[in-house]
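Structure data follow from coords-v2.cif (mmCIF, N, CA and C atoms):
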data_input
#
loop_
_atom_site.group_PDB
_atom_site.id
_atom_site.type_symbol
_atom_site.label_atom_id
_atom_site.label_comp_id
_atom_site.auth_asym_id
_atom_site.auth_seq_id
_atom_site.Cartn_x
_atom_site.Cartn_y
_atom_site.Cartn_z
ATOM 1 N N MET A 1203 -21.695 25.461 26.795
ATOM 2 C CA MET A 1203 -20.289 25.180 26.915
ATOM 3 C C MET A 1203 -20.054 23.702 26.581
ATOM 4 N N LYS A 1204 -19.067 23.434 25.705
ATOM 5 C CA LYS A 1204 -18.754 22.058 25.332
ATOM 6 C C LYS A 1204 -17.971 21.383 26.438
ATOM 7 N N SER A 1205 -18.232 20.096 26.610
ATOM 8 C CA SER A 1205 -17.422 19.326 27.548
ATOM 9 C C SER A 1205 -16.533 18.391 26.734
ATOM 10 N N TYR A 1206 -15.287 18.263 27.127
ATOM 11 C CA TYR A 1206 -14.329 17.425 26.433
ATOM 12 C C TYR A 1206 -13.927 16.257 27.321
ATOM 13 N N ARG A 1207 -13.845 15.084 26.711
ATOM 14 C CA ARG A 1207 -13.449 13.892 27.447
ATOM 15 C C ARG A 1207 -11.978 13.625 27.152
ATOM 16 N N LEU A 1208 -11.214 13.447 28.172
ATOM 17 C CA LEU A 1208 -9.801 13.157 27.995
ATOM 18 C C LEU A 1208 -9.609 11.693 27.630
ATOM 19 N N VAL A 1209 -8.560 11.413 26.893
ATOM 20 C CA VAL A 1209 -8.210 10.051 26.541
ATOM 21 C C VAL A 1209 -7.723 9.346 27.805
ATOM 22 N N SER A 1210 -8.132 8.106 27.983
ATOM 23 C CA SER A 1210 -7.715 7.366 29.178
ATOM 24 C C SER A 1210 -6.206 7.144 29.172
ATOM 25 N N PHE A 1211 -5.652 6.959 30.331
ATOM 26 C CA PHE A 1211 -4.207 6.756 30.470
ATOM 27 C C PHE A 1211 -3.753 5.521 29.710
ATOM 28 N N SER A 1212 -4.541 4.432 29.770
ATOM 29 C CA SER A 1212 -4.148 3.200 29.074
ATOM 30 C C SER A 1212 -4.157 3.399 27.564
ATOM 31 N N THR A 1213 -5.103 4.162 27.036
ATOM 32 C CA THR A 1213 -5.136 4.453 25.604
ATOM 33 C C THR A 1213 -3.896 5.231 25.200
ATOM 34 N N LEU A 1214 -3.546 6.209 25.973
ATOM 35 C CA LEU A 1214 -2.364 7.007 25.694
ATOM 36 C C LEU A 1214 -1.100 6.142 25.714
ATOM 37 N N CYS A 1215 -0.983 5.253 26.693
ATOM 38 C CA CYS A 1215 0.190 4.377 26.788
ATOM 39 C C CYS A 1215 0.297 3.455 25.579
ATOM 40 N N ILE A 1216 -0.821 2.893 25.148
ATOM 41 C CA ILE A 1216 -0.811 2.006 23.987
ATOM 42 C C ILE A 1216 -0.403 2.770 22.741
ATOM 43 N N CYS A 1217 -0.948 3.953 22.551
ATOM 44 C CA CYS A 1217 -0.601 4.769 21.378
ATOM 45 C C CYS A 1217 0.883 5.118 21.374
ATOM 46 N N LEU A 1218 1.408 5.512 22.509
ATOM 47 C CA LEU A 1218 2.828 5.850 22.595
ATOM 48 C C LEU A 1218 3.710 4.636 22.337
ATOM 49 N N LEU A 1219 3.316 3.479 22.846
ATOM 50 C CA LEU A 1219 4.075 2.253 22.624
ATOM 51 C C LEU A 1219 4.124 1.914 21.139
ATOM 52 N N VAL A 1220 2.985 1.994 20.469
ATOM 53 C CA VAL A 1220 2.938 1.685 19.044
ATOM 54 C C VAL A 1220 3.761 2.688 18.248
ATOM 55 N N LEU A 1221 3.686 3.954 18.597
ATOM 56 C CA LEU A 1221 4.488 4.964 17.908
ATOM 57 C C LEU A 1221 5.979 4.698 18.094
ATOM 58 N N PHE A 1222 6.355 4.189 19.249
ATOM 59 C CA PHE A 1222 7.748 3.884 19.512
ATOM 60 C C PHE A 1222 8.208 2.645 18.743
ATOM 61 N N ILE A 1223 7.367 1.609 18.676
ATOM 62 C CA ILE A 1223 7.742 0.338 18.057
ATOM 63 C C ILE A 1223 7.653 0.389 16.532
ATOM 64 N N SER A 1224 6.695 1.107 15.978
ATOM 65 C CA SER A 1224 6.437 1.107 14.535
ATOM 66 C C SER A 1224 7.660 1.344 13.659
ATOM 67 N N PRO A 1225 8.524 2.299 13.968
ATOM 68 C CA PRO A 1225 9.681 2.509 13.084
ATOM 69 C C PRO A 1225 10.640 1.327 13.038
ATOM 70 N N PHE A 1226 10.575 0.431 14.007
ATOM 71 C CA PHE A 1226 11.496 -0.696 14.062
ATOM 72 C C PHE A 1226 10.948 -1.956 13.398
ATOM 73 N N GLN A 1227 9.718 -1.916 12.904
ATOM 74 C CA GLN A 1227 9.148 -3.088 12.244
ATOM 75 C C GLN A 1227 9.677 -3.178 10.827
ATOM 76 N N ASP A 1228 10.117 -4.372 10.431
ATOM 77 C CA ASP A 1228 10.662 -4.587 9.096
ATOM 78 C C ASP A 1228 9.525 -4.876 8.127
ATOM 79 N N THR A 1229 9.249 -3.925 7.261
ATOM 80 C CA THR A 1229 8.204 -4.119 6.251
ATOM 81 C C THR A 1229 8.808 -4.156 4.856
ATOM 82 N N SER A 1230 10.120 -4.225 4.760
ATOM 83 C CA SER A 1230 10.783 -4.173 3.460
ATOM 84 C C SER A 1230 10.433 -5.365 2.566
ATOM 85 N N SER A 1231 10.140 -6.505 3.168
ATOM 86 C CA SER A 1231 9.834 -7.682 2.355
ATOM 87 C C SER A 1231 8.347 -8.027 2.357
ATOM 88 N N ALA A 1232 7.517 -7.134 2.867
ATOM 89 C CA ALA A 1232 6.078 -7.393 2.896
ATOM 90 C C ALA A 1232 5.534 -7.435 1.472
ATOM 91 N N SER A 1233 4.669 -8.383 1.220
ATOM 92 C CA SER A 1233 4.118 -8.521 -0.124
ATOM 93 C C SER A 1233 2.874 -7.656 -0.286
ATOM 94 N N THR A 1234 2.416 -7.560 -1.522
ATOM 95 C CA THR A 1234 1.191 -6.816 -1.794
ATOM 96 C C THR A 1234 -0.006 -7.651 -1.368
ATOM 97 N N ASP A 1235 -1.174 -7.039 -1.381
ATOM 98 C CA ASP A 1235 -2.383 -7.756 -0.984
ATOM 99 C C ASP A 1235 -2.605 -8.986 -1.867
ATOM 100 N N LYS A 1236 -2.975 -10.065 -1.228
ATOM 101 C CA LYS A 1236 -3.225 -11.309 -1.955
ATOM 102 C C LYS A 1236 -4.631 -11.317 -2.558
ATOM 103 N N TYR A 1237 -5.586 -10.701 -1.855
ATOM 104 C CA TYR A 1237 -6.980 -10.679 -2.302
ATOM 105 C C TYR A 1237 -7.420 -9.242 -2.545
ATOM 106 N N GLN A 1238 -8.313 -9.063 -3.511
ATOM 107 C CA GLN A 1238 -8.788 -7.721 -3.845
ATOM 108 C C GLN A 1238 -9.873 -7.229 -2.898
ATOM 109 N N ASN A 1239 -10.559 -8.148 -2.225
ATOM 110 C CA ASN A 1239 -11.643 -7.747 -1.332
ATOM 111 C C ASN A 1239 -11.938 -8.868 -0.323
ATOM 112 N N PHE A 1240 -12.813 -8.576 0.610
ATOM 113 C CA PHE A 1240 -13.138 -9.539 1.657
ATOM 114 C C PHE A 1240 -13.844 -10.777 1.095
ATOM 115 N N LYS A 1241 -14.641 -10.589 0.073
ATOM 116 C CA LYS A 1241 -15.343 -11.730 -0.523
ATOM 117 C C LYS A 1241 -14.345 -12.774 -1.026
ATOM 118 N N GLN A 1242 -13.312 -12.328 -1.732
ATOM 119 C CA GLN A 1242 -12.287 -13.263 -2.215
ATOM 120 C C GLN A 1242 -11.556 -13.929 -1.053
ATOM 121 N N LEU A 1243 -11.199 -13.141 -0.069
ATOM 122 C CA LEU A 1243 -10.501 -13.679 1.091
ATOM 123 C C LEU A 1243 -11.328 -14.761 1.765
ATOM 124 N N SER A 1244 -12.594 -14.485 2.012
ATOM 125 C CA SER A 1244 -13.432 -15.446 2.729
ATOM 126 C C SER A 1244 -13.701 -16.718 1.916
ATOM 127 N N GLN A 1245 -13.565 -16.638 0.593
ATOM 128 C CA GLN A 1245 -13.744 -17.821 -0.246
ATOM 129 C C GLN A 1245 -12.495 -18.713 -0.274
ATOM 130 N N HIS A 1246 -11.328 -18.136 0.026
ATOM 131 C CA HIS A 1246 -10.078 -18.879 -0.096
ATOM 132 C C HIS A 1246 -9.367 -19.169 1.221
ATOM 133 N N GLU A 1247 -9.812 -18.590 2.305
ATOM 134 C CA GLU A 1247 -9.156 -18.783 3.600
ATOM 135 C C GLU A 1247 -10.116 -19.442 4.583
ATOM 136 N N PHE A 1248 -9.555 -20.256 5.474
ATOM 137 C CA PHE A 1248 -10.359 -20.836 6.549
ATOM 138 C C PHE A 1248 -10.809 -19.711 7.471
ATOM 139 N N SER A 1249 -12.011 -19.822 8.002
ATOM 140 C CA SER A 1249 -12.513 -18.766 8.896
ATOM 141 C C SER A 1249 -11.671 -18.664 10.166
ATOM 142 N N ALA A 1250 -10.923 -19.711 10.496
ATOM 143 C CA ALA A 1250 -10.059 -19.662 11.676
ATOM 144 C C ALA A 1250 -8.796 -18.828 11.434
ATOM 145 N N SER A 1251 -8.559 -18.406 10.194
ATOM 146 C CA SER A 1251 -7.352 -17.636 9.895
ATOM 147 C C SER A 1251 -7.563 -16.128 10.006
ATOM 148 N N TYR A 1252 -8.777 -15.711 10.313
ATOM 149 C CA TYR A 1252 -9.047 -14.283 10.502
ATOM 150 C C TYR A 1252 -10.230 -14.104 11.455
ATOM 151 N N LYS A 1253 -10.349 -12.915 11.974
ATOM 152 C CA LYS A 1253 -11.441 -12.617 12.903
ATOM 153 C C LYS A 1253 -11.946 -11.205 12.618
ATOM 154 N N VAL A 1254 -13.244 -11.058 12.548
ATOM 155 C CA VAL A 1254 -13.863 -9.749 12.369
ATOM 156 C C VAL A 1254 -14.676 -9.431 13.619
ATOM 157 N N THR A 1255 -14.385 -8.293 14.220
ATOM 158 C CA THR A 1255 -15.105 -7.851 15.405
ATOM 159 C C THR A 1255 -15.827 -6.562 15.066
ATOM 160 N N THR A 1256 -17.122 -6.510 15.369
ATOM 161 C CA THR A 1256 -17.887 -5.277 15.162
ATOM 162 C C THR A 1256 -18.662 -4.957 16.435
ATOM 163 N N LYS A 1257 -18.868 -3.668 16.647
ATOM 164 C CA LYS A 1257 -19.662 -3.236 17.792
ATOM 165 C C LYS A 1257 -20.361 -1.942 17.407
ATOM 166 N N GLU A 1258 -21.653 -1.920 17.580
ATOM 167 C CA GLU A 1258 -22.432 -0.712 17.307
ATOM 168 C C GLU A 1258 -22.702 0.019 18.613
ATOM 169 N N THR A 1259 -22.603 1.327 18.576
ATOM 170 C CA THR A 1259 -22.930 2.161 19.722
ATOM 171 C C THR A 1259 -23.672 3.388 19.223
ATOM 172 N N LYS A 1260 -24.071 4.226 20.136
ATOM 173 C CA LYS A 1260 -24.711 5.481 19.753
ATOM 174 C C LYS A 1260 -23.683 6.568 19.461
ATOM 175 N N SER A 1261 -22.429 6.226 19.632
ATOM 176 C CA SER A 1261 -21.353 7.175 19.358
ATOM 177 C C SER A 1261 -21.306 7.505 17.867
ATOM 178 N N PRO A 1262 -21.063 8.748 17.508
ATOM 179 C CA PRO A 1262 -20.931 9.106 16.094
ATOM 180 C C PRO A 1262 -19.555 8.730 15.536
ATOM 181 N N VAL A 1263 -18.697 8.151 16.370
ATOM 182 C CA VAL A 1263 -17.331 7.817 15.967
ATOM 183 C C VAL A 1263 -17.216 6.318 15.694
ATOM 184 N N LEU A 1264 -16.618 5.974 14.555
ATOM 185 C CA LEU A 1264 -16.339 4.582 14.211
ATOM 186 C C LEU A 1264 -14.833 4.384 14.219
ATOM 187 N N ILE A 1265 -14.376 3.417 14.991
ATOM 188 C CA ILE A 1265 -12.976 3.028 14.967
ATOM 189 C C ILE A 1265 -12.880 1.919 13.929
ATOM 190 N N PHE A 1266 -12.216 2.200 12.809
ATOM 191 C CA PHE A 1266 -12.140 1.287 11.672
ATOM 192 C C PHE A 1266 -10.696 0.815 11.552
ATOM 193 N N ALA A 1267 -10.468 -0.471 11.817
ATOM 194 C CA ALA A 1267 -9.114 -1.014 11.815
ATOM 195 C C ALA A 1267 -9.056 -2.281 10.959
ATOM 196 N N PRO A 1268 -8.811 -2.147 9.655
ATOM 197 C CA PRO A 1268 -8.777 -3.319 8.784
ATOM 198 C C PRO A 1268 -7.437 -4.051 8.767
ATOM 199 N N HIS A 1269 -6.442 -3.579 9.531
ATOM 200 C CA HIS A 1269 -5.109 -4.201 9.506
ATOM 201 C C HIS A 1269 -4.681 -4.728 10.862
ATOM 202 N N GLY A 1270 -5.601 -5.366 11.584
ATOM 203 C CA GLY A 1270 -5.283 -5.879 12.908
ATOM 204 C C GLY A 1270 -4.606 -7.234 12.873
ATOM 205 N N GLY A 1271 -4.338 -7.741 14.058
ATOM 206 C CA GLY A 1271 -3.694 -9.049 14.169
ATOM 207 C C GLY A 1271 -2.269 -9.009 13.669
ATOM 208 N N GLY A 1272 -1.908 -9.955 12.828
ATOM 209 C CA GLY A 1272 -0.548 -10.047 12.322
ATOM 210 C C GLY A 1272 -0.230 -9.136 11.162
ATOM 211 N N ILE A 1273 -1.177 -8.321 10.733
ATOM 212 C CA ILE A 1273 -0.939 -7.471 9.573
ATOM 213 C C ILE A 1273 -0.087 -6.263 9.957
ATOM 214 N N GLU A 1274 -0.512 -5.515 10.949
ATOM 215 C CA GLU A 1274 0.254 -4.370 11.440
ATOM 216 C C GLU A 1274 0.215 -4.390 12.964
ATOM 217 N N GLY A 1275 1.351 -4.615 13.563
ATOM 218 C CA GLY A 1275 1.438 -4.730 15.011
ATOM 219 C C GLY A 1275 0.900 -3.514 15.750
ATOM 220 N N GLY A 1276 0.122 -3.758 16.793
ATOM 221 C CA GLY A 1276 -0.419 -2.693 17.632
ATOM 222 C C GLY A 1276 -1.777 -2.172 17.200
ATOM 223 N N THR A 1277 -2.170 -2.463 15.965
ATOM 224 C CA THR A 1277 -3.446 -1.948 15.452
ATOM 225 C C THR A 1277 -4.627 -2.463 16.260
ATOM 226 N N SER A 1278 -4.652 -3.753 16.550
ATOM 227 C CA SER A 1278 -5.775 -4.343 17.294
ATOM 228 C C SER A 1278 -5.888 -3.744 18.688
ATOM 229 N N GLU A 1279 -4.742 -3.594 19.348
ATOM 230 C CA GLU A 1279 -4.745 -3.087 20.716
ATOM 231 C C GLU A 1279 -5.278 -1.657 20.780
ATOM 232 N N ILE A 1280 -4.858 -0.829 19.846
ATOM 233 C CA ILE A 1280 -5.338 0.558 19.822
ATOM 234 C C ILE A 1280 -6.827 0.584 19.504
ATOM 235 N N ALA A 1281 -7.238 -0.182 18.492
ATOM 236 C CA ALA A 1281 -8.649 -0.197 18.097
ATOM 237 C C ALA A 1281 -9.550 -0.671 19.235
ATOM 238 N N LYS A 1282 -9.131 -1.727 19.925
ATOM 239 C CA LYS A 1282 -9.948 -2.246 21.029
ATOM 240 C C LYS A 1282 -10.068 -1.228 22.152
ATOM 241 N N GLU A 1283 -8.988 -0.538 22.439
ATOM 242 C CA GLU A 1283 -9.021 0.470 23.505
ATOM 243 C C GLU A 1283 -9.924 1.640 23.105
ATOM 244 N N LEU A 1284 -9.753 2.145 21.895
ATOM 245 C CA LEU A 1284 -10.580 3.264 21.431
ATOM 246 C C LEU A 1284 -12.023 2.829 21.186
ATOM 247 N N GLY A 1285 -12.220 1.535 20.895
ATOM 248 C CA GLY A 1285 -13.557 1.017 20.631
ATOM 249 C C GLY A 1285 -14.384 0.757 21.877
ATOM 250 N N LYS A 1286 -13.797 0.961 23.047
ATOM 251 C CA LYS A 1286 -14.561 0.743 24.278
ATOM 252 C C LYS A 1286 -15.765 1.667 24.370
ATOM 253 N N GLN A 1287 -15.634 2.877 23.855
ATOM 254 C CA GLN A 1287 -16.728 3.844 23.939
ATOM 255 C C GLN A 1287 -17.206 4.311 22.565
ATOM 256 N N ASN A 1288 -16.738 3.666 21.517
ATOM 257 C CA ASN A 1288 -17.119 4.050 20.157
ATOM 258 C C ASN A 1288 -17.523 2.813 19.371
ATOM 259 N N ALA A 1289 -18.133 3.029 18.213
ATOM 260 C CA ALA A 1289 -18.437 1.924 17.316
ATOM 261 C C ALA A 1289 -17.117 1.362 16.804
ATOM 262 N N LEU A 1290 -17.106 0.065 16.468
ATOM 263 C CA LEU A 1290 -15.845 -0.587 16.126
ATOM 264 C C LEU A 1290 -16.015 -1.557 14.970
ATOM 265 N N TYR A 1291 -15.050 -1.527 14.036
ATOM 266 C CA TYR A 1291 -14.877 -2.573 13.031
ATOM 267 C C TYR A 1291 -13.406 -2.935 13.071
ATOM 268 N N LEU A 1292 -13.117 -4.197 13.364
ATOM 269 C CA LEU A 1292 -11.731 -4.653 13.479
ATOM 270 C C LEU A 1292 -11.562 -5.957 12.714
ATOM 271 N N PHE A 1293 -10.660 -5.958 11.739
ATOM 272 C CA PHE A 1293 -10.299 -7.178 11.018
ATOM 273 C C PHE A 1293 -8.918 -7.584 11.510
ATOM 274 N N GLU A 1294 -8.805 -8.842 11.979
ATOM 275 C CA GLU A 1294 -7.528 -9.342 12.475
ATOM 276 C C GLU A 1294 -7.112 -10.590 11.718
ATOM 277 N N SER A 1295 -5.898 -10.587 11.214
ATOM 278 C CA SER A 1295 -5.336 -11.786 10.620
ATOM 279 C C SER A 1295 -4.788 -12.643 11.753
ATOM 280 N N LEU A 1296 -5.168 -13.908 11.774
ATOM 281 C CA LEU A 1296 -4.709 -14.822 12.814
ATOM 282 C C LEU A 1296 -3.641 -15.778 12.291
ATOM 283 N N LYS A 1297 -3.271 -15.613 11.020
ATOM 284 C CA LYS A 1297 -2.237 -16.461 10.428
ATOM 285 C C LYS A 1297 -0.867 -15.955 10.853
ATOM 286 N N LEU A 1298 0.061 -16.878 10.975
ATOM 287 C CA LEU A 1298 1.441 -16.501 11.229
ATOM 288 C C LEU A 1298 2.100 -16.184 9.896
ATOM 289 N N PHE A 1299 2.720 -15.026 9.810
ATOM 290 C CA PHE A 1299 3.352 -14.611 8.570
ATOM 291 C C PHE A 1299 4.839 -14.913 8.610
ATOM 292 N N THR A 1300 5.340 -15.409 7.527
ATOM 293 C CA THR A 1300 6.777 -15.544 7.361
ATOM 294 C C THR A 1300 7.128 -14.848 6.051
ATOM 295 N N TYR A 1301 8.136 -14.032 6.105
ATOM 296 C CA TYR A 1301 8.552 -13.304 4.923
ATOM 297 C C TYR A 1301 9.865 -13.861 4.429
ATOM 298 N N SER A 1302 9.981 -13.971 3.144
ATOM 299 C CA SER A 1302 11.254 -14.419 2.563
ATOM 300 C C SER A 1302 11.828 -13.289 1.736
ATOM 301 N N ASN A 1303 13.113 -13.276 1.599
ATOM 302 C CA ASN A 1303 13.753 -12.265 0.758
ATOM 303 C C ASN A 1303 13.592 -12.673 -0.684
ATOM 304 N N ARG A 1304 12.918 -11.854 -1.437
ATOM 305 C CA ARG A 1304 12.671 -12.174 -2.868
ATOM 306 C C ARG A 1304 13.457 -11.237 -3.734
#
Would you encode the structure as structure tokens?
Amino acid sequence: MKSYRLVSFSTLCICLLVLFISPFQDTSSASTDKYQNFKQLSQHEFSASYKVTTKETKSPVLIFAPHGGGIEGGTSEIAKELGKQNALYLFESLKLFTYSNR
């Protein structure tokens, strides 16, 4: 008989919060990617402008979140919560973004 683990209450709350907030985020003026890959980014940006978090576990599940920090709101929080019991890769932009109308 399979045993199923329920999602923790805090994980559920974070997911619901992000689902509620996401439609209200203004992405109309967001620009396209500035760099084609991580190698280019790391050559042109200070290491203090981004953070990469990884965690290996015996879990067969990888929580992969390449849009954390200021890129997509709520991504880091969900990834960190789900990554408590799973493997994790989290890229977070630490730069403050300002968008202009172009």
Could you pull the residues within 6 Å of A:Ala1289, counting all atoms listed in the file, minus those fewer than 6 positions along the same chain, as a PyMOL selection string? chain A and resi 1257-1259+1261+1263-1265
What is the atom CA of A:Glu1279 to atom CA of A:Phe1248 distance in Å? 23.4 Å
Name the residues captured by the PyMOL selection byres ((chain A and resi 1291-1299) around 5) when it is applied to the shown file; answer as JSON, numbers by chain. {"A": [1251, 1252, 1253, 1254, 1255, 1256, 1265, 1266, 1267, 1268, 1270, 1271, 1272, 1289, 1290, 1300, 1301]}
In Å, with one decimal, what is the gap from atom CA of A:Leu1243 to atom N of A:Glu1283?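 Value for the atom CA of A:Leu1243-atom N of A:Glu1283 distance: 25.1 Å.
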Could you work out how far atom CA of A:His1269 lies from atom N of A:Asp1235, giving the answer in Å with one decimal? 11.9 Å
DSSP on the backbone, then: every residue of stretch 1228-1290 of chain A marked strand (DSSP E), written as a ChimeraX atom specification. /A:1252-1257,1264-1271,1289-1290
